[in-house]
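Heads up, model.txt below (compact mmCIF, C-alpha atoms):
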# COMPACT_ATOMS: atom_id res chain seq x y z
CA MET I 1 0.00 0.00 0.00
CA GLU I 2 1.40 3.37 -0.97
CA ALA I 3 1.72 6.35 1.38
CA GLU I 4 -1.18 8.27 -0.20
CA ALA I 5 -3.61 5.36 0.23
CA THR I 6 -2.36 4.75 3.78
CA ALA I 7 -2.77 8.42 4.72
CA GLU I 8 -6.31 8.44 3.31
CA LEU I 9 -7.21 5.25 5.16
CA LEU I 10 -5.83 6.60 8.44
CA MET I 11 -7.67 9.91 8.02
CA CYS I 12 -11.05 8.48 6.95
CA ARG I 13 -11.26 5.24 8.89
CA PHE I 14 -9.35 5.96 12.07
CA PHE I 15 -8.73 9.64 12.79
CA ALA I 16 -12.26 10.66 11.74
CA LYS I 17 -13.83 8.02 14.01
CA PHE I 18 -11.49 7.89 16.99
CA GLY I 19 -9.33 11.00 16.72
CA PRO I 20 -5.61 10.90 16.03
CA PRO I 21 -3.41 8.90 18.39
CA ASP I 22 -0.67 10.45 20.52
CA SER I 23 1.91 8.21 18.86
CA VAL I 24 2.37 5.69 16.05
CA HIS I 25 4.89 2.86 16.21
CA SER I 26 5.67 1.10 12.92
CA ASP I 27 8.32 -0.76 11.04
CA GLN I 28 10.65 1.18 8.78
CA GLY I 29 8.75 0.42 5.59
CA ARG I 30 8.68 3.04 2.84
CA THR I 31 4.99 3.77 3.35
CA PHE I 32 5.34 4.95 6.96
CA GLU I 33 8.63 6.75 6.30
CA ALA I 34 7.40 8.72 3.24
CA SER I 35 7.41 12.52 3.39
CA LEU I 36 3.59 12.58 3.11
CA MET I 37 3.32 10.48 6.26
CA LYS I 38 5.84 12.70 8.06
CA GLU I 39 3.61 15.67 7.20
CA LEU I 40 0.57 13.79 8.51
CA TRP I 41 2.32 13.01 11.82
CA GLN I 42 3.37 16.65 12.15
CA LEU I 43 -0.07 18.02 11.22
CA PHE I 44 -1.75 16.00 13.97
CA GLY I 45 1.08 16.26 16.49
CA ILE I 46 1.67 12.51 16.42
CA GLN I 47 4.95 11.22 17.79
CA LYS I 48 6.36 8.63 15.37
CA THR I 49 8.58 5.80 16.58
CA ARG I 50 9.90 2.82 14.66
CA THR I 51 11.07 -0.71 15.25
CA THR I 52 14.59 -1.93 14.72
CA PRO I 53 14.85 -3.43 11.21
CA TYR I 54 14.49 -7.23 11.07
CA HIS I 55 14.04 -7.45 14.85
CA GLN I 56 10.52 -8.65 15.74
CA GLN I 57 11.23 -8.47 19.45
CA SER I 58 11.24 -4.67 19.29
CA ASN I 59 7.53 -4.87 18.47
CA GLY I 60 6.68 -7.53 21.04
CA LEU I 61 3.16 -6.39 21.91
CA VAL I 62 2.01 -6.50 18.28
CA GLU I 63 3.72 -9.85 17.77
CA ARG I 64 1.94 -11.28 20.83
CA VAL I 65 -1.47 -10.05 19.64
CA ASN I 66 -0.83 -11.45 16.16
CA SER I 67 0.22 -14.79 17.65
CA THR I 68 -2.91 -14.98 19.82
CA LEU I 69 -5.21 -14.10 16.92
CA LEU I 70 -3.49 -16.64 14.66
CA ASP I 71 -3.87 -19.39 17.29
CA VAL I 72 -7.60 -18.68 17.63
CA LEU I 73 -8.10 -18.50 13.86
CA GLN I 74 -6.31 -21.82 13.39
CA ALA I 75 -8.45 -23.44 16.07
CA LEU I 76 -11.73 -22.13 14.65
CA ALA I 77 -10.96 -22.61 10.99
CA SER I 78 -8.86 -25.77 11.25
CA GLU I 79 -10.94 -27.68 8.72
CA ALA I 80 -11.31 -24.86 6.21
CA PHE I 81 -8.59 -22.32 6.87
CA GLU I 82 -9.54 -20.35 3.77
CA THR I 83 -12.45 -18.91 5.79
CA TRP I 84 -10.19 -17.03 8.22
CA ASP I 85 -11.12 -13.66 6.76
CA ARG I 86 -14.82 -14.28 7.45
CA ILE I 87 -14.29 -15.10 11.13
CA LEU I 88 -11.57 -12.52 11.83
CA PRO I 89 -14.02 -9.74 12.90
CA MET I 90 -15.61 -12.02 15.53
CA VAL I 91 -12.21 -13.28 16.72
CA THR I 92 -11.07 -9.66 17.05
CA MET I 93 -14.22 -8.81 19.01
CA ALA I 94 -13.59 -11.74 21.37
CA TYR I 95 -10.00 -10.59 21.88
CA ASN I 96 -10.99 -6.96 22.44
CA THR I 97 -13.69 -7.83 24.97
CA SER I 98 -11.56 -10.22 27.04
CA VAL I 99 -9.87 -8.99 30.21
CA HIS I 100 -6.11 -8.97 29.72
CA GLU I 101 -3.98 -10.03 32.64
CA ALA I 102 -1.33 -7.34 32.11
CA THR I 103 -3.80 -4.42 32.20
CA GLY I 104 -6.65 -5.88 34.24
CA THR I 105 -9.13 -4.54 31.70
CA THR I 106 -10.33 -5.16 28.15
CA PRO I 107 -8.83 -3.41 25.12
CA TYR I 108 -12.38 -2.27 24.29
CA PHE I 109 -12.67 -0.49 27.66
CA ALA I 110 -9.21 1.04 27.24
CA MET I 111 -10.24 2.45 23.85
CA PHE I 112 -13.81 3.60 24.55
CA GLY I 113 -14.01 4.02 28.33
CA ARG I 114 -16.88 1.54 28.62
CA GLU I 115 -17.39 -2.15 28.12
CA ALA I 116 -18.90 -3.48 24.89
CA ARG I 117 -22.47 -4.74 24.91
CA LEU I 118 -22.38 -8.47 24.27
CA PRO I 119 -25.08 -11.13 23.77
CA VAL I 120 -24.53 -12.31 27.35
CA ASP I 121 -25.66 -8.85 28.52
CA SER I 122 -29.17 -9.48 27.18
CA VAL I 123 -29.79 -12.48 29.44
CA GLU I 124 -32.78 -11.66 31.66
CA SER I 125 -31.43 -12.77 35.02
CA PRO I 126 -28.06 -11.52 36.22
CA LEU I 127 -25.18 -13.96 36.07
CA THR I 128 -23.55 -13.82 39.45
CA VAL I 129 -20.31 -15.12 40.88
CA GLU I 130 -22.42 -17.42 43.08
CA SER I 131 -23.63 -19.36 40.04
CA PRO I 132 -20.54 -20.27 37.98
CA ASN I 133 -22.16 -23.42 36.55
CA ARG I 134 -25.16 -21.42 35.38
CA ARG I 135 -22.83 -18.82 33.90
CA ARG I 136 -20.96 -21.54 31.96
CA ARG I 137 -24.18 -23.12 30.68
CA THR I 138 -25.63 -19.75 29.65
CA SER I 139 -22.37 -18.71 27.99
CA ALA I 140 -22.19 -22.01 26.10
CA THR I 141 -25.81 -21.62 24.94
CA ILE I 142 -25.25 -18.04 23.82
CA SER I 143 -21.96 -18.97 22.19
CA GLY I 144 -23.64 -21.76 20.21
CA LYS I 145 -26.48 -19.48 19.12
CA SER I 146 -24.03 -16.72 18.22
CA GLU I 147 -21.95 -19.12 16.14
CA ASN I 148 -25.07 -20.32 14.28
CA ASN I 149 -26.22 -16.74 13.69
CA PHE I 150 -22.74 -15.74 12.59
CA MET I 151 -22.58 -18.62 10.09
CA ARG I 152 -26.04 -17.72 8.71
CA CYS I 153 -24.95 -14.10 8.39
CA THR I 154 -21.75 -15.16 6.61
CA VAL I 155 -23.71 -17.33 4.16
CA SER I 156 -26.18 -14.48 3.64
CA CYS I 157 -23.35 -12.03 2.96
CA ASP I 158 -21.74 -14.44 0.51
CA GLU I 159 -25.00 -14.75 -1.43
CA THR I 160 -25.39 -10.99 -1.93

Show this structure as structure tokens.
Amino acid sequence: MEAEATAELLMCRFFAKFGPPDSVHSDQGRTFEASLMKELWQLFGIQKTRTTPYHQQSNGLVERVNSTLLDVLQALASEAFETWDRILPMVTMAYNTSVHEATGTTPYFAMFGREARLPVDSVESPLTVESPNRRRRTSATISGKSENNFMRCTVSCDET
């Protein structure tokens, strides 16, 4: 992807929705090092940092997220891995709404300042700590229904 397309994508899909970030950390690819991108960083007051070339460890957080997402995708799409792109949005949602041990919160909460509304939130009776077995059964039921609905939605989208 060229710098112009990247700048447009950042402006229209990210900055317009969420506001510009305080900083951007990227590899040293031409796209992110182009003069147009340097102007974009300066215009929005974004501090730009970069990884060490050919040294994945300098971008450990991203590598860990990618590894986790890949593991989940492989587990869910083991029989038909070519469907990974169709399940990626739901895998990302699951990741973003899970409490992370390092932060004690969800990435969704860190980004938006509130927790995401999930299907489990629409259950009529509250799921309490006192009823872990009920919570597991309800979660499994909702998970199964969500998976069925997701698959129907995917088929429906493919048909249009």

Please enclose the listed atoms of region 56-66 of chain I in an axis-aligned box, pad each side by 4 Å, and write out the centre and the three edge lengths in Å, rounded to one decimal, as JSON.
{"center_x": 4.9, "center_y": -8.1, "center_z": 18.8, "size_x": 20.7, "size_y": 14.8, "size_z": 14.2}

key: Selected residue, from I:Leu73, I:Thr51, I:Tyr108, I:Met1, that lies nearest to Thr31 (chain I) when counting only C-alpha atoms   = I:Met1

message = List the spatial neighbours of region 39-41 of chain I as a PyMOL selection string - criterion: any atom at most 10 Å away, only C-alpha atoms, same-chain residues fewer than 5 positions off excluded.
response = chain I and resi 7+10-11+20-24+32+34+46-48

Expected file contents, prior selection, C-alpha atoms, as a PDB file, keeping the file's coordinate frame:
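Result file again-v8.pdb:
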ATOM      1  CA  ALA I   7      -2.770   8.420   4.720  1.00  0.00           C
ATOM      2  CA  LEU I  10      -5.830   6.600   8.440  1.00  0.00           C
ATOM      3  CA  MET I  11      -7.670   9.910   8.020  1.00  0.00           C
ATOM      4  CA  PRO I  20      -5.610  10.900  16.030  1.00  0.00           C
ATOM      5  CA  PRO I  21      -3.410   8.900  18.390  1.00  0.00           C
ATOM      6  CA  ASP I  22      -0.670  10.450  20.520  1.00  0.00           C
ATOM      7  CA  SER I  23       1.910   8.210  18.860  1.00  0.00           C
ATOM      8  CA  VAL I  24       2.370   5.690  16.050  1.00  0.00           C
ATOM      9  CA  PHE I  32       5.340   4.950   6.960  1.00  0.00           C
ATOM     10  CA  ALA I  34       7.400   8.720   3.240  1.00  0.00           C
ATOM     11  CA  ILE I  46       1.670  12.510  16.420  1.00  0.00           C
ATOM     12  CA  GLN I  47       4.950  11.220  17.790  1.00  0.00           C
ATOM     13  CA  LYS I  48       6.360   8.630  15.370  1.00  0.00           C
TER      14      LYS I  48
END

query = Which residue out of I:Gln28, I:Gln74, I:Glu8, I:Lys17 has the minimum interatomic distance to Pro53 (chain I) when all atoms listed in the file are used?
reply = I:Gln28

task = Could you jot down the CA of Asp71 (chain I) to CA of Glu115 (chain I) separation for me, Å, one decimal place?
result =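 We find that CA of Asp71 (chain I) and CA of Glu115 (chain I) lie 24.4 Å from each other.
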
ask   = Using all atoms listed in the file, which of I:Leu69, I:Ala102, I:Ala110, I:Leu118 sits nearest Pro89 (chain I)?
value =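 Ranked by minimum distance to Pro89 (chain I), first place goes to I:Leu69.
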
query = Skipping near chain neighbours, those fewer than 6 positions away, what residues fall within 12 Å of Asn66 (chain I) using only C-alpha atoms, listed as a list in words?
reply =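 Near neighbours after the sequence-gap exclusion: Gln56, Asn59, Gly60, Val72, Leu73, Leu88, Val91, Thr92 and Tyr95 of chain I.
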
query = Interatomic distance between CA of Arg117 (chain I) and CA of Thr105 (chain I)?
reply = 15.0 Å

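Distance check against Glu2 (chain I) using all atoms listed in the file: of I:Glu82, I:Glu101, I:Glu33, I:Asp121, the minimum falls on I:Glu33.
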